[in-house]
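Source file my_file_5.cif; content: mmCIF, C-alpha atoms and all ligand atoms.
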```cif
data_upload
loop_
_atom_site.label_atom_id
_atom_site.label_comp_id
_atom_site.auth_asym_id
_atom_site.auth_seq_id
_atom_site.Cartn_x
_atom_site.Cartn_y
_atom_site.Cartn_z
CA MET C 1 -3.54 -15.59 -3.63
CA ARG C 2 -0.02 -15.80 -5.08
CA ILE C 3 1.08 -14.87 -8.57
CA ALA C 4 4.73 -15.33 -9.63
CA GLY C 5 5.68 -15.72 -5.96
CA ILE C 6 4.09 -12.42 -4.91
CA ASP C 7 1.30 -12.30 -2.33
CA ILE C 8 -1.83 -10.59 -3.56
CA THR C 9 -4.03 -9.08 -0.85
CA VAL C 10 -7.45 -7.58 -1.41
CA ASP C 11 -8.44 -4.76 0.94
CA TRP C 12 -12.07 -4.66 2.09
CA SER C 13 -12.41 -1.12 0.73
CA LEU C 14 -12.23 -2.65 -2.74
CA LEU C 15 -15.74 -4.01 -2.22
CA ILE C 16 -17.09 -0.44 -2.10
CA ILE C 17 -15.42 0.52 -5.36
CA PHE C 18 -16.57 -2.76 -6.91
CA LEU C 19 -20.19 -2.03 -6.01
CA LEU C 20 -19.84 1.58 -7.23
CA ILE C 21 -18.50 0.46 -10.60
CA VAL C 22 -21.14 -2.27 -11.05
CA TRP C 23 -23.93 0.09 -10.05
CA GLY C 24 -22.61 2.96 -12.13
CA LEU C 25 -22.34 0.78 -15.23
CA ALA C 26 -25.53 -1.26 -14.85
CA ALA C 27 -27.77 1.62 -13.79
CA GLY C 28 -26.05 4.52 -15.55
CA VAL C 29 -23.74 3.88 -18.49
CA PHE C 30 -25.17 0.75 -20.12
CA PRO C 31 -28.86 1.79 -20.16
CA GLN C 32 -27.71 5.00 -21.86
CA TRP C 33 -25.67 3.15 -24.51
CA HIS C 34 -28.14 0.28 -24.90
CA PRO C 35 -31.70 1.24 -23.92
CA ALA C 36 -32.92 -2.11 -25.33
CA TRP C 37 -30.78 -4.31 -23.05
CA PRO C 38 -32.71 -6.34 -20.45
CA PRO C 39 -31.57 -5.43 -16.90
CA LEU C 40 -29.97 -8.86 -16.37
CA THR C 41 -27.68 -8.37 -19.38
CA ALA C 42 -26.68 -4.93 -18.10
CA TRP C 43 -25.93 -6.19 -14.58
CA LEU C 44 -23.98 -9.27 -15.71
CA THR C 45 -21.91 -7.21 -18.14
CA ALA C 46 -21.27 -4.67 -15.36
CA VAL C 47 -20.04 -7.36 -12.95
CA ALA C 48 -17.76 -8.83 -15.63
CA ALA C 49 -16.47 -5.33 -16.45
CA ALA C 50 -15.68 -4.57 -12.79
CA LEU C 51 -13.85 -7.89 -12.34
CA LEU C 52 -11.81 -7.36 -15.51
CA PHE C 53 -11.03 -3.81 -14.39
CA PHE C 54 -9.50 -5.16 -11.17
CA ALA C 55 -7.61 -7.75 -13.18
CA SER C 56 -6.09 -4.95 -15.28
CA VAL C 57 -5.18 -2.95 -12.15
CA LEU C 58 -3.49 -6.10 -10.88
CA ALA C 59 -1.61 -6.46 -14.17
CA HIS C 60 -0.42 -2.84 -13.80
CA GLU C 61 0.90 -3.54 -10.28
CA LEU C 62 2.41 -6.88 -11.27
CA SER C 63 4.38 -5.17 -14.02
CA HIS C 64 5.88 -2.77 -11.43
CA SER C 65 6.72 -5.75 -9.22
CA LEU C 66 8.28 -7.88 -11.91
CA VAL C 67 10.55 -5.06 -13.07
CA ALA C 68 11.47 -4.37 -9.42
CA ARG C 69 12.42 -7.99 -9.03
CA ALA C 70 14.45 -7.94 -12.20
CA TYR C 71 16.50 -5.18 -10.52
CA GLY C 72 16.95 -7.33 -7.41
CA ILE C 73 14.34 -5.58 -5.22
CA ARG C 74 12.18 -7.99 -3.24
CA VAL C 75 8.44 -7.42 -3.52
CA ARG C 76 6.54 -8.30 -0.38
CA ARG C 77 3.02 -8.18 -1.68
CA ILE C 78 0.52 -6.31 -3.77
CA VAL C 79 -2.48 -4.79 -2.03
CA LEU C 80 -5.54 -3.94 -4.07
CA TYR C 81 -7.51 -1.22 -2.37
CA VAL C 82 -9.91 1.62 -2.99
CA PHE C 83 -7.60 3.69 -5.22
CA GLY C 84 -6.36 0.76 -7.23
CA GLY C 85 -3.25 -1.11 -6.34
CA MET C 86 -0.02 -0.71 -4.48
CA ALA C 87 3.05 -2.89 -4.70
CA GLN C 88 4.93 -3.03 -1.41
CA ILE C 89 8.61 -3.22 -2.15
CA GLU C 90 11.27 -3.91 0.46
CA HIS C 91 13.27 -0.76 -0.21
CA GLU C 92 13.59 2.04 -2.72
CA PRO C 93 15.60 1.27 -5.83
CA GLY C 94 19.26 2.21 -5.47
CA ARG C 95 19.69 3.60 -8.98
CA TRP C 96 17.67 6.10 -10.93
CA VAL C 97 17.52 3.88 -14.02
CA ALA C 98 15.85 1.14 -11.98
CA GLU C 99 13.35 3.64 -10.56
CA LEU C 100 12.59 4.97 -14.03
CA TRP C 101 11.79 1.54 -15.49
CA MET C 102 9.91 0.38 -12.42
CA ALA C 103 7.70 3.46 -12.53
CA ILE C 104 7.02 3.72 -16.23
CA VAL C 105 6.21 0.07 -16.88
CA GLY C 106 2.88 0.36 -14.98
CA PRO C 107 1.28 3.06 -17.15
CA LEU C 108 2.75 1.36 -20.25
CA THR C 109 1.01 -1.88 -19.22
CA SER C 110 -2.29 -0.04 -18.71
CA LEU C 111 -1.89 1.68 -22.08
CA ALA C 112 -1.16 -1.64 -23.80
CA ILE C 113 -4.21 -3.31 -22.19
CA GLY C 114 -6.31 -0.27 -23.05
CA PHE C 115 -5.39 -0.14 -26.73
CA LEU C 116 -5.65 -3.92 -27.07
CA CYS C 117 -9.20 -3.86 -25.66
CA LEU C 118 -10.19 -0.92 -27.87
CA PHE C 119 -8.70 -2.64 -30.93
CA VAL C 120 -10.34 -6.03 -30.30
CA GLY C 121 -13.60 -4.33 -29.34
CA LEU C 122 -13.71 -2.33 -32.54
CA VAL C 123 -12.42 -4.97 -34.98
CA GLY C 124 -15.11 -5.66 -37.55
CA VAL C 125 -17.29 -2.80 -36.37
CA ALA C 126 -18.23 -0.93 -39.51
CA HIS C 127 -16.82 2.60 -39.77
CA VAL C 128 -16.98 4.26 -36.36
CA ASP C 129 -17.20 7.97 -37.02
CA LEU C 130 -15.14 9.58 -34.25
CA SER C 131 -15.86 13.13 -35.39
CA SER C 132 -18.53 13.87 -32.80
CA ALA C 133 -19.85 12.50 -29.53
CA ALA C 134 -23.24 11.87 -31.11
CA SER C 135 -21.77 9.77 -33.91
CA VAL C 136 -19.70 7.71 -31.44
CA GLU C 137 -22.82 7.12 -29.37
CA HIS C 138 -24.65 6.06 -32.49
CA ALA C 139 -21.97 3.43 -33.19
CA LEU C 140 -22.10 2.19 -29.59
CA VAL C 141 -25.82 1.49 -29.61
CA GLY C 142 -25.48 -1.49 -31.93
CA LEU C 143 -22.67 -3.23 -29.97
CA ASP C 144 -23.08 -6.59 -28.21
CA PRO C 145 -22.17 -7.00 -24.49
CA ALA C 146 -18.66 -8.35 -25.18
CA ARG C 147 -17.70 -5.41 -27.40
CA THR C 148 -19.31 -2.93 -25.01
CA LEU C 149 -17.29 -4.42 -22.17
CA LEU C 150 -14.04 -4.25 -24.15
CA LEU C 151 -14.62 -0.62 -25.14
CA TRP C 152 -15.35 0.42 -21.56
CA LEU C 153 -12.34 -1.54 -20.28
CA GLY C 154 -10.16 -0.06 -23.02
CA GLN C 155 -11.00 3.55 -22.26
CA ILE C 156 -10.79 3.12 -18.47
CA ASN C 157 -7.29 1.61 -18.81
CA VAL C 158 -6.18 4.50 -21.01
CA ILE C 159 -7.56 6.95 -18.42
CA LEU C 160 -5.78 5.01 -15.67
CA ALA C 161 -2.50 5.24 -17.58
CA ILE C 162 -2.88 8.98 -18.19
CA PHE C 163 -3.80 9.72 -14.56
CA ASN C 164 -0.80 7.72 -13.36
CA LEU C 165 1.50 9.57 -15.74
CA VAL C 166 0.75 12.97 -14.16
CA PRO C 167 4.14 14.03 -12.76
CA ALA C 168 2.88 14.16 -9.18
CA PHE C 169 4.92 12.06 -6.79
CA PRO C 170 4.14 9.37 -5.60
CA LEU C 171 2.09 8.65 -8.73
CA ASP C 172 4.02 6.72 -11.37
CA GLY C 173 4.60 9.87 -13.44
CA GLY C 174 6.02 11.57 -10.33
CA ARG C 175 8.37 8.65 -9.83
CA VAL C 176 9.51 8.95 -13.43
CA LEU C 177 10.15 12.65 -12.83
CA ARG C 178 12.01 11.89 -9.61
CA ALA C 179 14.17 9.31 -11.39
CA ILE C 180 15.09 11.87 -14.06
CA LEU C 181 15.85 14.58 -11.46
CA TRP C 182 17.82 12.02 -9.47
CA GLY C 183 19.81 11.10 -12.57
CA ALA C 184 20.46 14.77 -13.31
CA THR C 185 21.38 15.90 -9.77
CA HIS C 186 22.69 12.63 -8.26
CA ASP C 187 20.81 13.68 -5.12
CA LEU C 188 17.89 11.42 -4.23
CA ARG C 189 16.73 13.60 -1.35
CA ARG C 190 16.55 16.78 -3.41
CA ALA C 191 14.89 14.91 -6.29
CA THR C 192 12.28 13.52 -3.90
CA ARG C 193 11.67 16.94 -2.35
CA TRP C 194 11.07 18.54 -5.74
CA ALA C 195 8.93 15.68 -7.03
CA SER C 196 6.80 15.58 -3.89
CA SER C 197 6.37 19.39 -3.89
CA LEU C 198 5.02 19.09 -7.41
CA GLY C 199 2.85 16.21 -6.22
CA GLN C 200 1.43 18.39 -3.45
CA ALA C 201 0.83 21.28 -5.83
CA PHE C 202 -1.10 18.96 -8.15
CA ALA C 203 -3.03 17.57 -5.18
CA TRP C 204 -4.04 21.09 -4.09
CA LEU C 205 -5.09 21.85 -7.66
CA LEU C 206 -7.41 18.83 -7.54
CA ILE C 207 -8.76 19.86 -4.14
CA GLY C 208 -9.38 23.40 -5.43
CA ALA C 209 -11.10 22.13 -8.56
CA GLY C 210 -13.17 19.72 -6.46
CA ILE C 211 -14.31 22.49 -4.12
CA ALA C 212 -15.15 24.72 -7.09
CA MET C 213 -17.28 21.91 -8.54
CA VAL C 214 -19.03 21.37 -5.21
CA LEU C 215 -19.84 25.10 -5.18
CA GLY C 216 -21.48 24.74 -8.58
CA PHE C 217 -18.73 26.00 -10.88
CA SER C 218 -17.77 24.19 -14.05
CA VAL C 219 -14.07 23.37 -14.32
CA PRO C 220 -12.31 23.05 -17.73
CA ILE C 221 -11.83 19.38 -18.85
CA LEU C 222 -13.31 18.02 -15.61
CA GLY C 223 -16.76 19.56 -15.88
CA GLY C 224 -18.90 20.05 -12.79
CA GLY C 225 -21.24 18.32 -10.40
CA LEU C 226 -21.42 17.78 -6.65
CA ILE C 227 -20.43 14.08 -6.58
CA ASN C 228 -17.58 14.54 -9.07
CA GLY C 229 -16.34 17.48 -7.02
CA ILE C 230 -16.34 15.52 -3.78
CA TRP C 231 -14.48 12.66 -5.47
CA LEU C 232 -11.90 14.98 -6.95
CA ALA C 233 -11.27 16.76 -3.65
CA PHE C 234 -10.99 13.39 -1.93
CA ILE C 235 -8.43 12.10 -4.45
CA GLY C 236 -6.51 15.36 -4.08
CA TRP C 237 -6.46 15.03 -0.31
CA PHE C 238 -5.26 11.45 -0.61
CA LEU C 239 -2.50 12.43 -3.04
CA ASN C 240 -1.36 15.29 -0.85
CA ASN C 241 -1.02 12.91 2.09
CA ALA C 242 0.80 10.36 -0.02
CA ALA C 243 3.29 12.97 -1.26
CA LEU C 244 4.03 14.14 2.30
CA VAL C 245 4.35 10.62 3.66
CA SER C 246 6.68 9.50 0.87
CA TYR C 247 9.04 12.39 1.51
CA ARG C 248 9.10 11.82 5.26
CA GLN C 249 9.61 8.12 4.68
CA LEU C 250 12.67 8.86 2.65
CA LEU C 251 14.10 11.10 5.39
CA THR C 252 13.44 8.42 8.00
CA GLN C 253 15.03 5.81 5.79
CA GLU C 254 18.13 7.90 5.27
CA ILE C 255 18.48 8.46 9.00
CA LEU C 256 17.83 4.87 10.04
CA GLN C 257 19.96 3.28 7.39
CA ASP C 258 23.15 1.78 8.80
CA VAL C 259 22.03 2.30 12.40
CA PRO C 260 22.48 -1.07 14.12
CA VAL C 261 19.76 -2.50 16.36
CA SER C 262 22.20 -2.49 19.30
CA ARG C 263 22.09 1.33 19.35
CA VAL C 264 18.32 1.67 19.78
CA MET C 265 17.39 -1.48 21.70
CA LEU C 266 16.07 -1.42 25.21
CA THR C 267 18.69 -2.87 27.53
CA HIS C 268 16.83 -2.40 30.82
CA PHE C 269 14.15 -5.03 30.67
CA GLU C 270 12.87 -7.89 32.78
CA VAL C 271 13.28 -11.56 32.03
CA VAL C 272 11.41 -14.31 33.91
CA PRO C 273 12.16 -17.95 34.78
CA PRO C 274 9.87 -20.64 33.29
CA GLN C 275 8.45 -21.80 36.63
CA LEU C 276 7.27 -18.29 37.66
CA PRO C 277 3.52 -18.36 38.40
CA LEU C 278 1.64 -16.35 35.80
CA GLU C 279 -0.19 -14.48 38.56
CA THR C 280 3.13 -13.14 39.85
CA LEU C 281 4.18 -12.19 36.33
CA ILE C 282 0.94 -10.25 35.87
CA ASP C 283 0.84 -8.49 39.24
CA GLY C 284 4.55 -8.03 39.84
CA TYR C 285 5.85 -7.31 36.32
CA MET C 286 3.23 -6.46 33.68
CA GLN C 287 1.21 -4.19 35.95
CA ARG C 288 4.31 -2.26 37.04
CA SER C 289 6.04 -1.57 33.74
CA ASP C 290 5.25 -0.75 30.14
CA GLN C 291 7.10 -3.82 28.95
CA ARG C 292 4.55 -5.86 27.04
CA ALA C 293 6.58 -8.97 26.28
CA TYR C 294 8.71 -11.00 28.70
CA PRO C 295 11.52 -13.29 27.59
CA VAL C 296 11.44 -16.59 29.47
CA MET C 297 14.99 -17.79 30.15
CA GLY C 298 16.32 -21.13 31.29
CA ALA C 299 19.16 -21.61 33.79
CA ASP C 300 21.70 -21.46 30.91
CA GLU C 301 20.40 -17.96 30.00
CA ARG C 302 19.00 -19.20 26.71
CA LEU C 303 15.65 -18.02 25.41
CA ILE C 304 13.03 -20.74 25.77
CA GLY C 305 9.99 -18.62 24.99
CA MET C 306 8.20 -15.34 25.47
CA VAL C 307 5.06 -14.29 27.34
CA PHE C 308 3.09 -11.61 25.51
CA GLN C 309 0.61 -9.30 27.22
CA ARG C 310 -1.63 -9.70 24.20
CA ASP C 311 -1.92 -13.44 24.91
CA VAL C 312 -2.37 -12.99 28.66
CA GLU C 313 -5.31 -10.62 28.07
CA ARG C 314 -7.19 -13.46 26.39
CA LEU C 315 -6.83 -15.96 29.28
CA THR C 316 -9.64 -16.83 31.70
CA PRO C 317 -9.26 -15.91 35.42
CA GLU C 318 -8.85 -19.63 36.17
CA GLN C 319 -5.97 -19.92 33.68
CA ARG C 320 -4.27 -16.83 35.06
CA ARG C 321 -4.38 -18.30 38.56
CA THR C 322 -3.03 -21.74 37.67
CA MET C 323 -0.61 -21.31 34.78
CA THR C 324 3.13 -20.73 34.89
CA ALA C 325 5.22 -18.54 32.58
CA ARG C 326 6.26 -21.66 30.65
CA GLU C 327 2.61 -22.61 30.02
CA ALA C 328 1.65 -19.12 28.90
CA MET C 329 4.65 -18.44 26.69
CA ARG C 330 5.08 -18.84 22.96
CA PRO C 331 7.90 -21.17 21.91
CA PRO C 332 10.93 -19.69 20.07
CA GLU C 333 9.77 -20.95 16.67
CA GLN C 334 6.71 -18.68 16.97
CA ILE C 335 8.72 -15.59 17.90
CA THR C 336 10.32 -13.15 15.49
CA VAL C 337 13.85 -12.28 16.61
CA VAL C 338 16.57 -9.96 15.32
CA ARG C 339 20.34 -9.74 15.70
CA PRO C 340 22.09 -6.73 17.33
CA ASP C 341 23.96 -5.90 14.11
CA GLU C 342 20.83 -5.74 11.93
CA ASP C 343 19.65 -2.44 10.42
CA VAL C 344 17.03 -0.59 12.46
CA LEU C 345 15.25 0.25 9.21
CA GLU C 346 14.79 -3.47 8.54
CA VAL C 347 13.36 -3.92 12.02
CA LEU C 348 10.92 -1.05 11.54
CA ASN C 349 9.72 -2.70 8.33
CA LEU C 350 9.53 -6.06 10.09
CA LEU C 351 7.37 -4.65 12.89
CA ALA C 352 4.97 -3.16 10.36
CA GLN C 353 4.97 -6.20 8.13
CA ARG C 354 4.20 -8.71 10.92
CA ASP C 355 2.01 -6.26 12.85
CA ILE C 356 3.92 -6.77 16.11
CA ASN C 357 5.03 -4.27 18.74
CA GLN C 358 8.41 -5.62 19.80
CA VAL C 359 11.08 -8.12 18.93
CA PRO C 360 13.73 -9.61 21.22
CA VAL C 361 17.34 -9.08 20.16
CA LEU C 362 19.29 -12.32 20.25
CA ASP C 363 23.05 -12.66 20.28
CA HIS C 364 23.92 -16.35 19.97
CA ASP C 365 20.69 -17.52 21.65
CA ARG C 366 21.05 -15.00 24.48
CA VAL C 367 18.60 -12.15 24.83
CA VAL C 368 20.56 -8.89 24.90
CA GLY C 369 17.72 -6.43 24.33
CA LEU C 370 14.22 -5.67 23.16
CA VAL C 371 13.29 -3.37 20.29
CA ARG C 372 9.89 -1.74 20.18
CA ARG C 373 8.45 0.75 17.74
CA ALA C 374 8.50 3.31 20.54
CA ASP C 375 12.27 2.86 20.96
CA ILE C 376 12.83 3.58 17.28
CA LEU C 377 10.59 6.67 17.50
CA ARG C 378 12.55 7.83 20.54
CA TRP C 379 15.80 7.40 18.66
CA LEU C 380 14.40 9.50 15.81
CA ALA C 381 13.20 12.18 18.25
CA LEU C 382 16.55 12.29 20.03
CA HIS C 383 18.31 12.62 16.69
CA ASN C 384 16.07 15.39 15.53
CA ALA C 385 14.37 13.43 12.78
CA PRO C 386 10.75 13.45 11.59
CA LYS C 387 8.51 10.65 12.83
CA PRO C 388 7.71 7.96 10.30
CA THR C 389 4.08 8.18 9.35
CA HIS C 390 3.93 4.73 7.82
CA ALA C 391 4.62 1.42 9.59
ZN ZN F 401 1.53 2.28 -11.07
#
```
Can you turn what I pasted into structure tokens?
Amino acid sequence: MRIAGIDITVDWSLLIIFLLIVWGLAAGVFPQWHPAWPPLTAWLTAVAAALLFFASVLAHELSHSLVARAYGIRVRRIVLYVFGGMAQIEHEPGRWVAELWMAIVGPLTSLAIGFLCLFVGLVGVAHVDLSSAASVEHALVGLDPARTLLLWLGQINVILAIFNLVPAFPLDGGRVLRAILWGATHDLRRATRWASSLGQAFAWLLIGAGIAMVLGFSVPILGGGLINGIWLAFIGWFLNNAALVSYRQLLTQEILQDVPVSRVMLTHFEVVPPQLPLETLIDGYMQRSDQRAYPVMGADERLIGMVFQRDVERLTPEQRRTMTAREAMRPPEQITVVRPDEDVLEVLNLLAQRDINQVPVLDHDRVVGLVRRADILRWLALHNAPKPTHA
């Protein structure tokens, strides 16, 4: 699916959260609010509520993406997954003002959706007495499915906005904090370190509270309960990871920026002629090296294709015996290539984005090297840098 030129991907894990929301609403929340509703009404309203919830998460992510684009940052795609959404941007914003707006627009969007839903849902409802939980519940009992749905959607969006505004990097609030620290110190690395330390502290707080709840204690604001505790600890663990990864990513980015491909590429590699029998390529080359992709070169030393181990693994014994390198290769238009003067950071992103292990380096149609993820990791290790945990 594409919206405003941005690819929208739905992760399978979203199905679990979808079922949890539908089940929780149809079997838990709605029967409590509306004991008189027939089950079908409850289930249909729950499905509609879950779908609209995802639509509002998508709107939150789209708002991040559109602001990013307004600042000239390309947005690859938006992935909706178990914890909501994530917009994958090509690189970090170069200025703190851009980061600030990019980060804060998401929670603002959620807040706007939330208050709009609450407003529309409550318009015309006679005097809701908000003074006590019992009186609110009393007002809810008389509501029709549409209003019920709007009220639930409204409050969940407000909760989403508030959670995202917690100043724990890489949550939106943490990004806002980082932008402000960055603006104050003019040092992105230090700002990121502080923001992600705070993010980790918050994550450990959640984990602690979660464990306390699992052990039967009641925690202020959050309450208690085994399932709630497990969820909370899980979210904390996830946040802690995210904070660590984001900081390491930044270090890797700083180190790899402005390093040209020609400095990390593999220059000792085998190339094969098109008429080479595939059997020879398998037994004499692939089996004896860890090179997994072989450039096929014509007499004029130009690249005419590439044989990938991944493709060879799928061939039948008969095909392996009878084919040549030319027949087994992929033509140039199916191969991703890079230039020797390109940024290694771009190549690392490219490898992750296309889910490939290596790219040939082409200088005016001639293959001058191969870059694999392992080569980039080796470069990082030799230059005393942390390993990237993403990509
Ligand atoms: Zn956000």
* **Neighbourhood of ligand ZN 401 (chain F) at 7 Å, counting only C-alpha atoms and all ligand atoms, reported as a list in words** =>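 Listing the residues within 7 Å of ligand ZN 401 (chain F) gives His60, Glu61, His64, Ala103, Gly106, Pro107, Asn164, Leu171 and Asp172 of chain C.
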* Mind checking which residues fall within 9 Å of Arg178 of chain C, counting all atoms listed in the file, ignoring those fewer than 6 positions away in the same chain, and posting them as a list of chain:residue names? =>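 The neighbour list is C:Trp96, C:Glu99, C:Leu100, C:Pro167, C:Phe169, C:Leu188, C:Ala191, C:Thr192, C:Arg193, C:Trp194, C:Ala195, C:Ser196.
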* Residue nearest Leu350 of chain C - candidates C:Val97, C:Val337, C:Leu256, C:Val296, atoms counted: only C-alpha atoms ->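 Result for the nearest residue to Leu350 of chain C: C:Val337.
Of the residues under consideration (C:His268, C:Asp311, C:Pro331, C:Arg189), C:His268 shows the shortest atom-to-atom contact distance to Ser289 of chain C when counting only C-alpha atoms.
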* Structure fact -> If you count all atoms listed in the file, the residue of C:Leu15, C:Val105, C:Val79, C:Leu153 closest to Ala48 of chain C turns out to be C:Leu153
* **Expected residue set, 10 Å radius at (-6.0, 18.5, -8.6), only C-alpha atoms, as a PyMOL selection string** => chain C and resi 168+199-210+232-237+239-240
Quick one: write out the picked residues with C-alpha atoms as a short mmCIF file (atom, residue, chain, number, x, y, z; two decimals), keeping the file's coordinate frame?
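For reference, out-v1.cif as written:
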```
data_model
loop_
_atom_site.label_atom_id
_atom_site.label_comp_id
_atom_site.auth_asym_id
_atom_site.auth_seq_id
_atom_site.Cartn_x
_atom_site.Cartn_y
_atom_site.Cartn_z
CA ALA C 168 2.88 14.16 -9.18
CA GLY C 199 2.85 16.21 -6.22
CA GLN C 200 1.43 18.39 -3.45
CA ALA C 201 0.83 21.28 -5.83
CA PHE C 202 -1.10 18.96 -8.15
CA ALA C 203 -3.03 17.57 -5.18
CA TRP C 204 -4.04 21.09 -4.09
CA LEU C 205 -5.09 21.85 -7.66
CA LEU C 206 -7.41 18.83 -7.54
CA ILE C 207 -8.76 19.86 -4.14
CA GLY C 208 -9.38 23.40 -5.43
CA ALA C 209 -11.10 22.13 -8.56
CA GLY C 210 -13.17 19.72 -6.46
CA LEU C 232 -11.90 14.98 -6.95
CA ALA C 233 -11.27 16.76 -3.65
CA PHE C 234 -10.99 13.39 -1.93
CA ILE C 235 -8.43 12.10 -4.45
CA GLY C 236 -6.51 15.36 -4.08
CA TRP C 237 -6.46 15.03 -0.31
CA LEU C 239 -2.50 12.43 -3.04
CA ASN C 240 -1.36 15.29 -0.85
#
```
* Asked: At what distance in Å, to one decimal, does atom CA of Leu151 of chain C lie from atom CA of Trp33 of chain C?
  -> 11.7 Å
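Between atom CA of Leu150 of chain C and atom CA of Phe163 of chain C the interatomic distance comes to 19.8 Å.
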* Asked: Which of these, C:Leu181, C:Leu362, C:Val344, C:Met306, has the shortest distance to Pro260 of chain C once you count all atoms listed in the file?
  ->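 When distances to Pro260 of chain C are compared using all atoms listed in the file, the smallest one comes from C:Val344.
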* **Point-to-point distance in Å for atom CA of Trp12 of chain C and atom CA of Gln309 of chain C** =>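 One can read the atom CA of Gln309 of chain C to atom CA of Trp12 of chain C distance as 28.5 Å.
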* To do: Fewer than 3 positions away in the same chain doesn't count, so skip those; otherwise give me all residues within 10 Å of Gly114 of chain C, counting only C-alpha atoms, as a PyMOL selection string.
  => chain C and resi 56+108-111+117-119+150-161
